[in-house]
>>> print(open('target_2.cif').read())   # mmCIF, C-alpha atoms (C1' of nucleotides)
data_upload
#
loop_
_atom_site.label_atom_id
_atom_site.label_comp_id
_atom_site.auth_asym_id
_atom_site.auth_seq_id
_atom_site.Cartn_x
_atom_site.Cartn_y
_atom_site.Cartn_z
CA MET A 26 0.06 -9.57 26.87
CA THR A 27 3.56 -10.91 27.43
CA ALA A 28 4.28 -11.48 23.72
CA THR A 29 6.91 -9.40 21.93
CA PRO A 30 5.16 -6.39 20.42
CA ASP A 31 5.04 -6.06 16.62
CA PRO A 32 4.39 -3.11 14.26
CA VAL A 33 0.64 -3.61 14.59
CA ASP A 34 0.87 -3.24 18.38
CA ALA A 35 2.61 0.09 17.77
CA ILE A 36 -0.22 1.22 15.50
CA THR A 37 -3.01 0.26 17.90
CA ALA A 38 -1.13 1.94 20.74
CA GLN A 39 -0.91 5.16 18.72
CA TRP A 40 -4.62 5.06 18.00
CA ALA A 41 -5.39 4.39 21.68
CA ALA A 42 -3.40 7.53 22.55
CA VAL A 43 -5.13 9.91 20.12
CA ARG A 44 -8.58 8.30 19.92
CA PRO A 45 -9.13 6.38 23.19
CA ASP A 46 -12.82 6.00 22.26
CA LEU A 47 -12.02 3.54 19.44
CA ASP A 48 -12.11 -0.24 19.89
CA THR A 49 -8.80 -1.39 18.41
CA VAL A 50 -9.46 -5.16 18.59
CA PRO A 51 -10.65 -5.41 14.95
CA MET A 52 -7.57 -3.64 13.60
CA ALA A 53 -5.33 -5.84 15.77
CA VAL A 54 -6.72 -8.85 13.87
CA PHE A 55 -7.19 -7.51 10.34
CA GLY A 56 -4.08 -5.34 10.42
CA ARG A 57 -2.02 -8.48 11.02
CA VAL A 58 -3.90 -10.44 8.36
CA TYR A 59 -3.13 -7.66 5.89
CA ARG A 60 0.55 -7.42 6.82
CA LEU A 61 0.98 -11.19 6.73
CA THR A 62 -0.33 -11.16 3.17
CA GLN A 63 2.13 -8.41 2.27
CA THR A 64 5.24 -9.98 3.79
CA MET A 65 4.46 -13.47 2.51
CA ALA A 66 3.74 -12.13 -0.97
CA GLU A 67 7.36 -10.99 -1.28
CA ARG A 68 8.64 -14.37 -0.09
CA MET A 69 6.42 -16.28 -2.46
CA ASP A 70 7.55 -14.08 -5.37
CA ARG A 71 11.11 -15.09 -4.58
CA ALA A 72 10.13 -18.77 -4.30
CA TYR A 73 8.54 -18.78 -7.77
CA ALA A 74 11.11 -16.52 -9.47
CA PRO A 75 13.56 -19.37 -10.28
CA PHE A 76 10.79 -20.94 -12.38
CA GLY A 77 10.26 -17.71 -14.32
CA ILE A 78 6.70 -17.23 -13.10
CA SER A 79 4.89 -14.70 -10.93
CA ARG A 80 2.50 -15.54 -8.11
CA GLY A 81 -0.49 -14.85 -10.38
CA GLU A 82 0.90 -17.10 -13.07
CA PHE A 83 1.63 -19.82 -10.52
CA ASP A 84 -2.02 -19.63 -9.42
CA VAL A 85 -3.14 -20.37 -12.98
CA LEU A 86 -0.80 -23.35 -13.33
CA ALA A 87 -1.74 -24.61 -9.85
CA THR A 88 -5.47 -24.43 -10.60
CA LEU A 89 -4.95 -26.51 -13.74
CA ARG A 90 -2.67 -28.95 -11.88
CA ARG A 91 -5.01 -29.65 -9.00
CA SER A 92 -7.99 -30.12 -11.34
CA GLY A 93 -6.32 -33.45 -12.22
CA GLU A 94 -5.81 -35.06 -15.61
CA PRO A 95 -6.02 -33.96 -18.37
CA TYR A 96 -5.11 -30.63 -16.65
CA THR A 97 -7.65 -28.76 -18.79
CA LEU A 98 -9.99 -25.90 -17.88
CA SER A 99 -11.59 -23.01 -19.78
CA PRO A 100 -10.39 -19.40 -19.37
CA ARG A 101 -13.77 -18.71 -17.81
CA GLN A 102 -13.38 -21.43 -15.19
CA LEU A 103 -9.91 -20.13 -14.40
CA SER A 104 -10.99 -16.49 -14.04
CA ALA A 105 -13.95 -17.51 -11.86
CA THR A 106 -11.77 -19.65 -9.57
CA LEU A 107 -9.07 -17.00 -9.28
CA MET A 108 -11.55 -14.12 -8.86
CA LEU A 109 -10.07 -12.30 -11.83
CA THR A 110 -11.74 -10.47 -14.71
CA THR A 111 -11.63 -12.22 -18.08
CA GLY A 112 -9.42 -9.42 -19.36
CA GLY A 113 -6.87 -10.07 -16.65
CA MET A 114 -6.97 -13.80 -17.41
CA THR A 115 -6.36 -13.18 -21.13
CA GLY A 116 -3.10 -11.45 -20.19
CA ARG A 117 -1.91 -14.20 -17.85
CA LEU A 118 -2.71 -16.92 -20.40
CA ASP A 119 -0.87 -14.98 -23.12
CA LYS A 120 2.28 -14.88 -21.01
CA LEU A 121 2.07 -18.53 -19.94
CA GLU A 122 1.36 -19.66 -23.50
CA ARG A 123 4.36 -17.69 -24.80
CA ALA A 124 6.49 -19.37 -22.10
CA GLY A 125 5.31 -22.76 -23.34
CA LEU A 126 3.77 -23.71 -20.00
CA LEU A 127 0.24 -24.19 -21.35
CA GLY A 128 -1.66 -24.31 -24.62
CA ARG A 129 -5.01 -22.98 -25.83
CA SER A 130 -7.16 -25.11 -28.14
CA PRO A 131 -10.73 -24.73 -29.42
CA ASP A 132 -13.45 -26.36 -27.34
CA PRO A 133 -14.92 -29.11 -29.56
CA HIS A 134 -18.43 -28.65 -28.11
CA ASP A 135 -18.74 -24.85 -27.86
CA ARG A 136 -17.25 -22.67 -30.58
CA ARG A 137 -17.19 -19.61 -28.26
CA ALA A 138 -15.00 -21.40 -25.77
CA LEU A 139 -11.37 -22.48 -25.44
CA ARG A 140 -9.64 -25.22 -23.53
CA VAL A 141 -6.50 -24.33 -21.64
CA THR A 142 -4.18 -27.28 -21.00
CA LEU A 143 -0.94 -27.61 -19.06
CA SER A 144 2.00 -28.53 -21.29
CA GLU A 145 4.47 -31.19 -20.17
CA ARG A 146 6.87 -28.44 -19.22
CA GLY A 147 4.04 -26.61 -17.42
CA LEU A 148 3.30 -29.75 -15.41
CA ARG A 149 6.94 -30.16 -14.42
CA VAL A 150 7.27 -26.48 -13.51
CA VAL A 151 4.13 -26.35 -11.37
CA ASP A 152 5.03 -29.58 -9.57
CA GLU A 153 8.38 -28.13 -8.56
CA ALA A 154 7.04 -24.64 -7.86
CA VAL A 155 4.25 -25.81 -5.57
CA ALA A 156 6.78 -27.70 -3.45
CA ALA A 157 9.07 -24.66 -3.33
CA GLY A 158 6.19 -22.38 -2.29
CA LEU A 159 4.95 -24.76 0.38
CA ALA A 160 8.48 -25.04 1.77
CA VAL A 161 8.62 -21.27 2.25
CA GLN A 162 5.23 -21.22 3.96
CA ARG A 163 6.02 -24.24 6.13
CA GLU A 164 9.27 -22.66 7.24
CA ALA A 165 7.48 -19.51 8.42
CA LEU A 166 4.70 -21.51 10.06
CA GLU A 167 6.98 -23.93 11.92
CA ALA A 168 9.23 -21.13 13.11
CA ALA A 169 6.21 -19.53 14.80
CA LEU A 170 3.73 -22.18 15.90
CA ASP A 171 3.59 -25.78 17.06
CA GLU A 172 1.20 -28.25 15.47
CA ARG A 173 -1.63 -27.64 17.94
CA GLU A 174 -1.40 -23.86 17.47
CA ALA A 175 -1.36 -24.17 13.67
CA GLU A 176 -4.53 -26.25 13.85
CA GLN A 177 -6.12 -23.74 16.21
CA LEU A 178 -5.20 -20.87 13.87
CA THR A 179 -6.65 -22.72 10.87
CA GLY A 180 -9.92 -23.22 12.72
CA LEU A 181 -10.20 -19.58 13.78
CA LEU A 182 -9.37 -18.34 10.28
CA ARG A 183 -11.95 -20.70 8.76
CA LYS A 184 -14.64 -19.28 11.04
CA LEU A 185 -13.62 -15.71 10.24
CA LEU A 186 -13.50 -16.38 6.52
CA HIS A 187 -17.04 -17.73 6.68
CA ALA A 188 -18.22 -14.53 8.35
CA THR A 189 -16.72 -12.37 5.61
CA GLY A 190 -18.81 -14.27 3.07
CA ALA A 191 -16.13 -16.27 1.33
CA MET B 8 -12.87 -31.40 11.64
CA THR B 9 -16.53 -30.70 12.33
CA ALA B 10 -16.45 -27.10 11.06
CA THR B 11 -18.31 -26.15 7.87
CA PRO B 12 -15.86 -26.48 4.98
CA ASP B 13 -14.87 -23.36 3.07
CA PRO B 14 -13.28 -22.77 -0.37
CA VAL B 15 -9.80 -23.32 1.04
CA ASP B 16 -10.82 -26.77 2.33
CA ALA B 17 -11.91 -27.59 -1.23
CA ILE B 18 -8.53 -26.54 -2.58
CA THR B 19 -6.50 -28.52 -0.05
CA ALA B 20 -8.72 -31.56 -0.69
CA GLN B 21 -8.04 -31.27 -4.43
CA TRP B 22 -4.29 -31.12 -3.82
CA ALA B 23 -4.48 -34.09 -1.47
CA ALA B 24 -6.16 -36.07 -4.24
CA VAL B 25 -3.63 -35.32 -6.99
CA ARG B 26 -0.46 -34.84 -4.90
CA PRO B 27 -0.95 -36.87 -1.68
CA ASP B 28 2.76 -36.38 -0.93
CA LEU B 29 2.30 -32.65 -0.20
CA ASP B 30 1.78 -31.26 3.31
CA THR B 31 -1.25 -28.99 2.93
CA VAL B 32 -1.15 -27.44 6.41
CA PRO B 33 0.76 -24.31 5.30
CA MET B 34 -1.67 -23.56 2.47
CA ALA B 35 -4.59 -24.10 4.84
CA VAL B 36 -3.25 -21.21 6.93
CA PHE B 37 -1.83 -18.83 4.32
CA GLY B 38 -4.57 -19.52 1.78
CA ARG B 39 -7.10 -18.27 4.31
CA VAL B 40 -4.97 -15.28 5.27
CA TYR B 41 -4.77 -14.34 1.59
CA ARG B 42 -8.50 -14.78 0.97
CA LEU B 43 -9.41 -12.83 4.11
CA THR B 44 -7.34 -9.92 2.82
CA GLN B 45 -9.15 -10.11 -0.53
CA THR B 46 -12.70 -10.27 0.81
CA MET B 47 -12.12 -7.61 3.47
CA ALA B 48 -10.48 -5.30 0.92
CA GLU B 49 -13.75 -5.08 -0.99
CA ARG B 50 -15.69 -4.35 2.19
CA MET B 51 -13.27 -1.67 3.29
CA ASP B 52 -13.43 -0.03 -0.14
CA ARG B 53 -17.18 0.25 0.30
CA ALA B 54 -16.79 1.62 3.84
CA TYR B 55 -14.48 4.42 2.67
CA ALA B 56 -16.29 5.18 -0.61
CA PRO B 57 -18.84 7.58 0.98
CA PHE B 58 -15.89 9.77 2.02
CA GLY B 59 -14.54 9.84 -1.51
CA ILE B 60 -11.30 8.07 -0.60
CA SER B 61 -9.69 4.74 -1.45
CA ARG B 62 -8.11 2.36 1.06
CA GLY B 63 -4.66 3.60 0.12
CA GLU B 64 -5.68 7.21 0.59
CA PHE B 65 -7.31 6.37 3.91
CA ASP B 66 -4.03 4.83 5.05
CA VAL B 67 -2.24 8.12 4.38
CA LEU B 68 -4.81 10.16 6.30
CA ALA B 69 -4.86 7.60 9.13
CA THR B 70 -1.07 7.65 9.47
CA LEU B 71 -1.13 11.44 9.80
CA ARG B 72 -4.07 11.30 12.22
CA ARG B 73 -2.57 8.78 14.62
CA SER B 74 0.76 10.64 14.67
CA GLY B 75 -1.10 13.22 16.81
CA GLU B 76 -1.06 17.00 16.58
CA PRO B 77 -0.07 18.85 14.50
CA TYR B 78 -0.87 15.90 12.13
CA THR B 79 2.30 16.52 10.15
CA LEU B 80 4.75 14.07 8.57
CA SER B 81 7.10 14.14 5.58
CA PRO B 82 6.35 12.22 2.34
CA ARG B 83 9.36 10.09 3.18
CA GLN B 84 8.02 9.15 6.62
CA LEU B 85 4.67 8.32 5.05
CA SER B 86 6.11 6.15 2.29
CA ALA B 87 8.35 4.30 4.77
CA THR B 88 5.44 3.64 7.16
CA LEU B 89 3.12 2.50 4.38
CA MET B 90 5.80 0.42 2.61
CA LEU B 91 5.26 2.34 -0.61
CA THR B 92 7.78 3.77 -3.07
CA THR B 93 8.18 7.54 -3.05
CA GLY B 94 6.71 7.64 -6.55
CA GLY B 95 3.55 5.94 -5.37
CA MET B 96 3.32 8.34 -2.43
CA THR B 97 3.65 11.37 -4.73
CA GLY B 98 0.52 10.19 -6.56
CA ARG B 99 -1.51 9.62 -3.39
CA LEU B 100 -0.53 12.99 -1.97
CA ASP B 101 -1.45 14.71 -5.26
CA LYS B 102 -4.95 13.23 -5.12
CA LEU B 103 -5.47 14.03 -1.43
CA GLU B 104 -4.14 17.55 -1.85
CA ARG B 105 -6.49 18.18 -4.80
CA ALA B 106 -9.37 16.89 -2.64
CA GLY B 107 -8.40 19.43 0.03
CA LEU B 108 -7.78 16.76 2.68
CA LEU B 109 -4.15 17.69 3.28
CA GLY B 110 -1.58 20.34 2.38
CA ARG B 111 2.10 20.31 1.44
CA SER B 112 4.40 23.02 2.74
CA PRO B 113 8.17 23.47 2.65
CA ASP B 114 10.15 22.07 5.58
CA PRO B 115 11.70 25.11 7.33
CA HIS B 116 14.82 23.15 8.31
CA ASP B 117 15.57 21.11 5.17
CA ARG B 118 15.01 22.61 1.76
CA ARG B 119 14.86 19.16 0.12
CA ALA B 120 11.95 18.13 2.29
CA LEU B 121 8.22 18.83 2.57
CA ARG B 122 5.76 18.72 5.42
CA VAL B 123 2.41 17.08 4.77
CA THR B 124 -0.35 18.24 7.12
CA LEU B 125 -3.96 17.12 7.52
CA SER B 126 -6.44 19.91 6.71
CA GLU B 127 -9.44 20.54 8.95
CA ARG B 128 -11.58 18.73 6.43
CA GLY B 129 -9.02 15.92 6.27
CA LEU B 130 -9.17 15.54 10.04
CA ARG B 131 -12.98 15.37 10.02
CA VAL B 132 -12.99 12.87 7.14
CA VAL B 133 -10.43 10.52 8.66
CA ASP B 134 -12.14 10.60 12.06
CA GLU B 135 -15.41 9.52 10.50
CA ALA B 136 -13.81 7.07 8.08
CA VAL B 137 -11.78 5.25 10.71
CA ALA B 138 -14.95 4.63 12.71
CA ALA B 139 -16.79 3.40 9.61
CA GLY B 140 -13.93 1.04 8.73
CA LEU B 141 -13.65 -0.33 12.25
CA ALA B 142 -17.41 -0.94 12.32
CA VAL B 143 -17.15 -3.12 9.21
CA GLN B 144 -14.24 -5.09 10.67
CA ARG B 145 -15.92 -5.43 14.08
CA GLU B 146 -19.09 -6.71 12.43
CA ALA B 147 -17.18 -9.48 10.64
CA LEU B 148 -15.16 -10.35 13.72
CA GLU B 149 -18.08 -10.51 16.12
CA ALA B 150 -20.15 -12.56 13.71
CA ALA B 151 -17.40 -15.20 13.73
CA LEU B 152 -15.63 -15.24 17.07
CA ASP B 153 -16.24 -14.58 20.75
CA GLU B 154 -13.92 -12.34 22.75
CA ARG B 155 -11.66 -15.17 23.92
CA GLU B 156 -11.25 -16.51 20.38
CA ALA B 157 -10.48 -13.06 18.97
CA GLU B 158 -7.75 -12.67 21.57
CA GLN B 159 -6.39 -16.13 20.77
CA LEU B 160 -6.36 -15.31 17.05
CA THR B 161 -4.55 -12.02 17.67
CA GLY B 162 -1.87 -13.86 19.65
CA LEU B 163 -1.35 -16.53 17.00
CA LEU B 164 -1.18 -13.95 14.21
CA ARG B 165 1.33 -11.87 16.17
CA LYS B 166 3.60 -14.90 16.54
CA LEU B 167 3.29 -15.75 12.86
CA LEU B 168 3.92 -12.17 11.79
CA HIS B 169 7.12 -12.16 13.83
CA ALA B 170 8.30 -15.29 12.04
CA THR B 171 7.76 -13.71 8.62
CA GLY B 172 10.08 -10.90 9.63
CA ALA B 173 7.59 -8.05 10.04
"C1'" DG C 15 -37.20 -21.90 -37.71
"C1'" DG C 16 -36.89 -17.17 -35.80
"C1'" DT C 17 -35.74 -14.10 -32.18
"C1'" DA C 18 -34.37 -12.44 -27.61
"C1'" DA C 19 -31.40 -13.15 -23.90
"C1'" DG C 20 -27.27 -15.00 -22.23
"C1'" DT C 21 -22.26 -16.33 -22.42
"C1'" DA C 22 -17.04 -16.81 -23.90
"C1'" DG C 23 -13.05 -14.57 -24.71
"C1'" DC C 24 -10.97 -10.52 -26.32
"C1'" DT C 25 -9.64 -5.38 -26.76
"C1'" DT C 26 -9.19 -0.80 -25.00
"C1'" DA C 27 -8.76 3.09 -21.76
"C1'" DG C 28 -7.59 4.21 -17.38
"C1'" DC C 29 -5.62 3.40 -12.65
"C1'" DG C 30 -2.13 2.77 -9.10
"C1'" DC C 31 1.78 0.75 -8.45
"C1'" DT C 32 7.22 -0.24 -8.98
"C1'" DA C 33 11.97 0.48 -10.71
"C1'" DA C 34 15.01 3.57 -12.39
"C1'" DG C 35 16.79 7.82 -12.85
"C1'" DC C 36 16.60 12.87 -12.29
"C1'" DT C 37 17.55 17.61 -9.73
"C1'" DA C 38 18.21 19.98 -5.68
"C1'" DC C 39 19.60 19.85 -1.88
"C1'" DT C 40 22.34 18.21 3.00
"C1'" DT C 41 25.98 15.79 5.54
"C1'" DA C 42 30.60 14.06 6.46
"C1'" DC C 43 35.23 14.54 5.96
"C1'" DC C 44 39.58 16.36 4.48
"C1'" DG D 20 35.98 26.00 1.88
"C1'" DG D 21 35.87 22.06 -1.39
"C1'" DT D 22 34.38 17.60 -2.62
"C1'" DA D 23 32.24 13.02 -2.26
"C1'" DA D 24 28.47 10.50 -0.61
"C1'" DG D 25 23.90 10.48 0.90
"C1'" DT D 26 18.91 11.91 0.89
"C1'" DA D 27 14.10 14.11 -0.47
"C1'" DG D 28 10.74 14.28 -3.63
"C1'" DC D 29 9.59 14.05 -8.32
"C1'" DT D 30 9.06 12.19 -13.30
"C1'" DT D 31 8.82 8.55 -16.60
"C1'" DA D 32 8.23 3.93 -18.67
"C1'" DG D 33 6.29 -0.27 -17.96
"C1'" DC D 34 3.24 -3.74 -15.60
"C1'" DG D 35 -0.98 -6.06 -14.27
"C1'" DC D 36 -5.17 -5.14 -13.07
"C1'" DT D 37 -10.44 -3.49 -13.66
"C1'" DA D 38 -14.55 -1.70 -16.07
"C1'" DA D 39 -16.74 -1.32 -20.15
"C1'" DG D 40 -17.80 -2.71 -24.44
"C1'" DC D 41 -17.09 -5.61 -28.55
"C1'" DT D 42 -17.92 -9.95 -31.77
"C1'" DA D 43 -19.12 -14.52 -32.20
"C1'" DC D 44 -21.32 -17.58 -30.71
"C1'" DT D 45 -25.22 -20.72 -27.69
"C1'" DT D 46 -29.58 -21.32 -25.21
"C1'" DA D 47 -34.46 -20.74 -24.25
"C1'" DC D 48 -38.80 -19.99 -25.83
"C1'" DC D 49 -42.52 -19.03 -28.95
#
>>> encode(input="target_2.cif", output="structure tokens")
Amino acid sequence: MTATPDPVDAITAQWAAVRPDLDTVPMAVFGRVYRLTQTMAERMDRAYAPFGISRGEFDVLATLRRSGEPYTLSPRQLSATLMLTTGGMTGRLDKLERAGLLGRSPDPHDRRALRVTLSERGLRVVDEAVAAGLAVQREALEAALDEREAEQLTGLLRKLLHATGA
Amino acid sequence: MTATPDPVDAITAQWAAVRPDLDTVPMAVFGRVYRLTQTMAERMDRAYAPFGISRGEFDVLATLRRSGEPYTLSPRQLSATLMLTTGGMTGRLDKLERAGLLGRSPDPHDRRALRVTLSERGLRVVDEAVAAGLAVQREALEAALDEREAEQLTGLLRKLLHATGA
DNA sequence: GGTAAGTAGCTTAGCGCTAAGCTACTTACC
DNA sequence: GGTAAGTAGCTTAGCGCTAAGCTACTTACC
């Protein structure tokens, strides 16, 4: 292992010292996955901040955007896609509606349901924000890995994600 | 790409359809990192539940445990290691102290400071819980990757973590 | 057409966190 | 020894989430 050690190496080394019976390979992988999520979360927050939205709010706008025209989904579809309770989704939609980034209208076919639609401003904001977010991620990725390695990493993560039942 | 597609492949495909100008490689990587954290978080919660502790509380006990005898650190050291505000740490320590898994005592050299020490029960609990948690992670890892791949993944993640400033 | 089971979106209580600010110290410097 | 700056741990207000439960529907089946 000639690579520069990182905080996770320090943690596994500590465990190896006090509990040499433990296999530290799993924590070497998942510890880094967890920390990557943490450190990137901060960076993404900063990328979306100029647009006045949080990561969670971006996710709502992005889900509507990538569903294609007319950029309309139900709160239920959104909460299912984003693995969020309906209560949590109500809060996010309230904030985004107040900010004028989307609108809620009655579903013409089901009187229990609503249709959530991106506003023109919402469309503009998400189109700029997604580019800003991708730029931050690409910067981190390209600073660390070449194209072949990035592809390799994607493949390994896909396999692992399958095994965790995603 | 002969691998079975996963939910992240579906998302990148949707983006490619509506915004073909975007480079989806970064989201293919970080989207999976994020989802892995999410799905494993649920599994780890279930692994620690029999011991009556949450993931966050486990992290406190584990940090004390791997610091070695006498399993003592200050609240400040703990909150710095776990990247948590001191207010958040106060709450975790309160819960763990009430559960009898650790104790707080005055620092003999600095009257502002405290010393947090694992109780005997805390030591037993964390030793069992760390094994239970590792078993869950090992199960997922071994179901997905062979030894060479796991090593490769660790190396790629270490590089990427460096680039995100960890 | 009537009724039971299911679903959509919302409200509420509670949880764990952060940001800000507090008191009680300790440290550095004159 | 006095004073300014720094630090430890705590409290409080506010945030975004979940779990549970609600009303207003829709669907399936007799």
>>> resolve_selection(input="target_2.cif", expression="the PyMOL selection byres ((chain C) within 8 of (chain B))", output="list in words")
DG30, DC31, DT32, DA38, DC39 and DT40 of chain C
>>> interface_residues(input="target_2.cif", of="chain B", to="chain A", cutoff="8 Å", atoms="all atoms listed in the file", output="PyMOL selection string")
chain B and resi 10+12-14+18+21-22+25+29-37+39-44+46-47+73-75+138+141+144-145+147-148+150-152+156-157+160-173
>>> resolve_selection(input="target_2.cif", expression="the PyMOL selection byres ((chain C and resi 43) around 9)", output="list in words")
DA42 and DC44 of chain C; DA23 of chain D
>>> atom_distance(input="target_2.cif", atom1="atom CA of Val67 of chain B", atom2="atom C1' of DT30 of chain D")
21.4 Å
>>> resolve_selection(input="target_2.cif", expression="the PyMOL selection byres ((chain D and resi 25) around 9)", output="JSON, numbers by chain")
{"C": [40, 41], "D": [24, 26]}
>>> atom_distance(input="target_2.cif", atom1="atom CA of Thr97 of chain A", atom2="atom CA of Leu118 of chain A")
12.9 Å
>>> axis_aligned_box(input="target_2.cif", around="segment 79-82 of chain A", padding_each_side="5 Å", output="AutoDock Vina command-line options")
--center_x 2.2 --center_y -15.9 --center_z -10.6 --size_x 15.4 --size_y 12.4 --size_z 15.0
>>> residues_around(input="target_2.cif", residues="DC41 of chain D", least_positions_apart="5", cutoff="12 Å", atoms="only C-alpha atoms (C1' of nucleotides)", output="VMD selection string")
chain C and resid 23 to 26
>>> atom_distance(input="target_2.cif", atom1="atom CA of Ile60 of chain B", atom2="atom C1' of DG33 of chain D")
26.1 Å
>>> closest_residue(input="target_2.cif", among="A:Pro45, A:Asp132, A:Val141, A:Ala154", to="Asp84 of chain A", atoms="all atoms listed in the file")
A:Ala154
>>> residues_near_point(input="target_2.cif", point="(-10.6, -31.5, -25.2)", cutoff="10 Å", atoms="all atoms listed in the file", output="JSON, numbers by chain")
{"A": [95, 97, 98, 130, 131, 132, 133, 134, 139, 140, 141, 142]}
>>> residues_around(input="target_2.cif", residues="Leu127 of chain A", least_positions_apart="6", cutoff="6 Å", atoms="all atoms listed in the file", output="PyMOL selection string")
chain A and resi 142-144+147
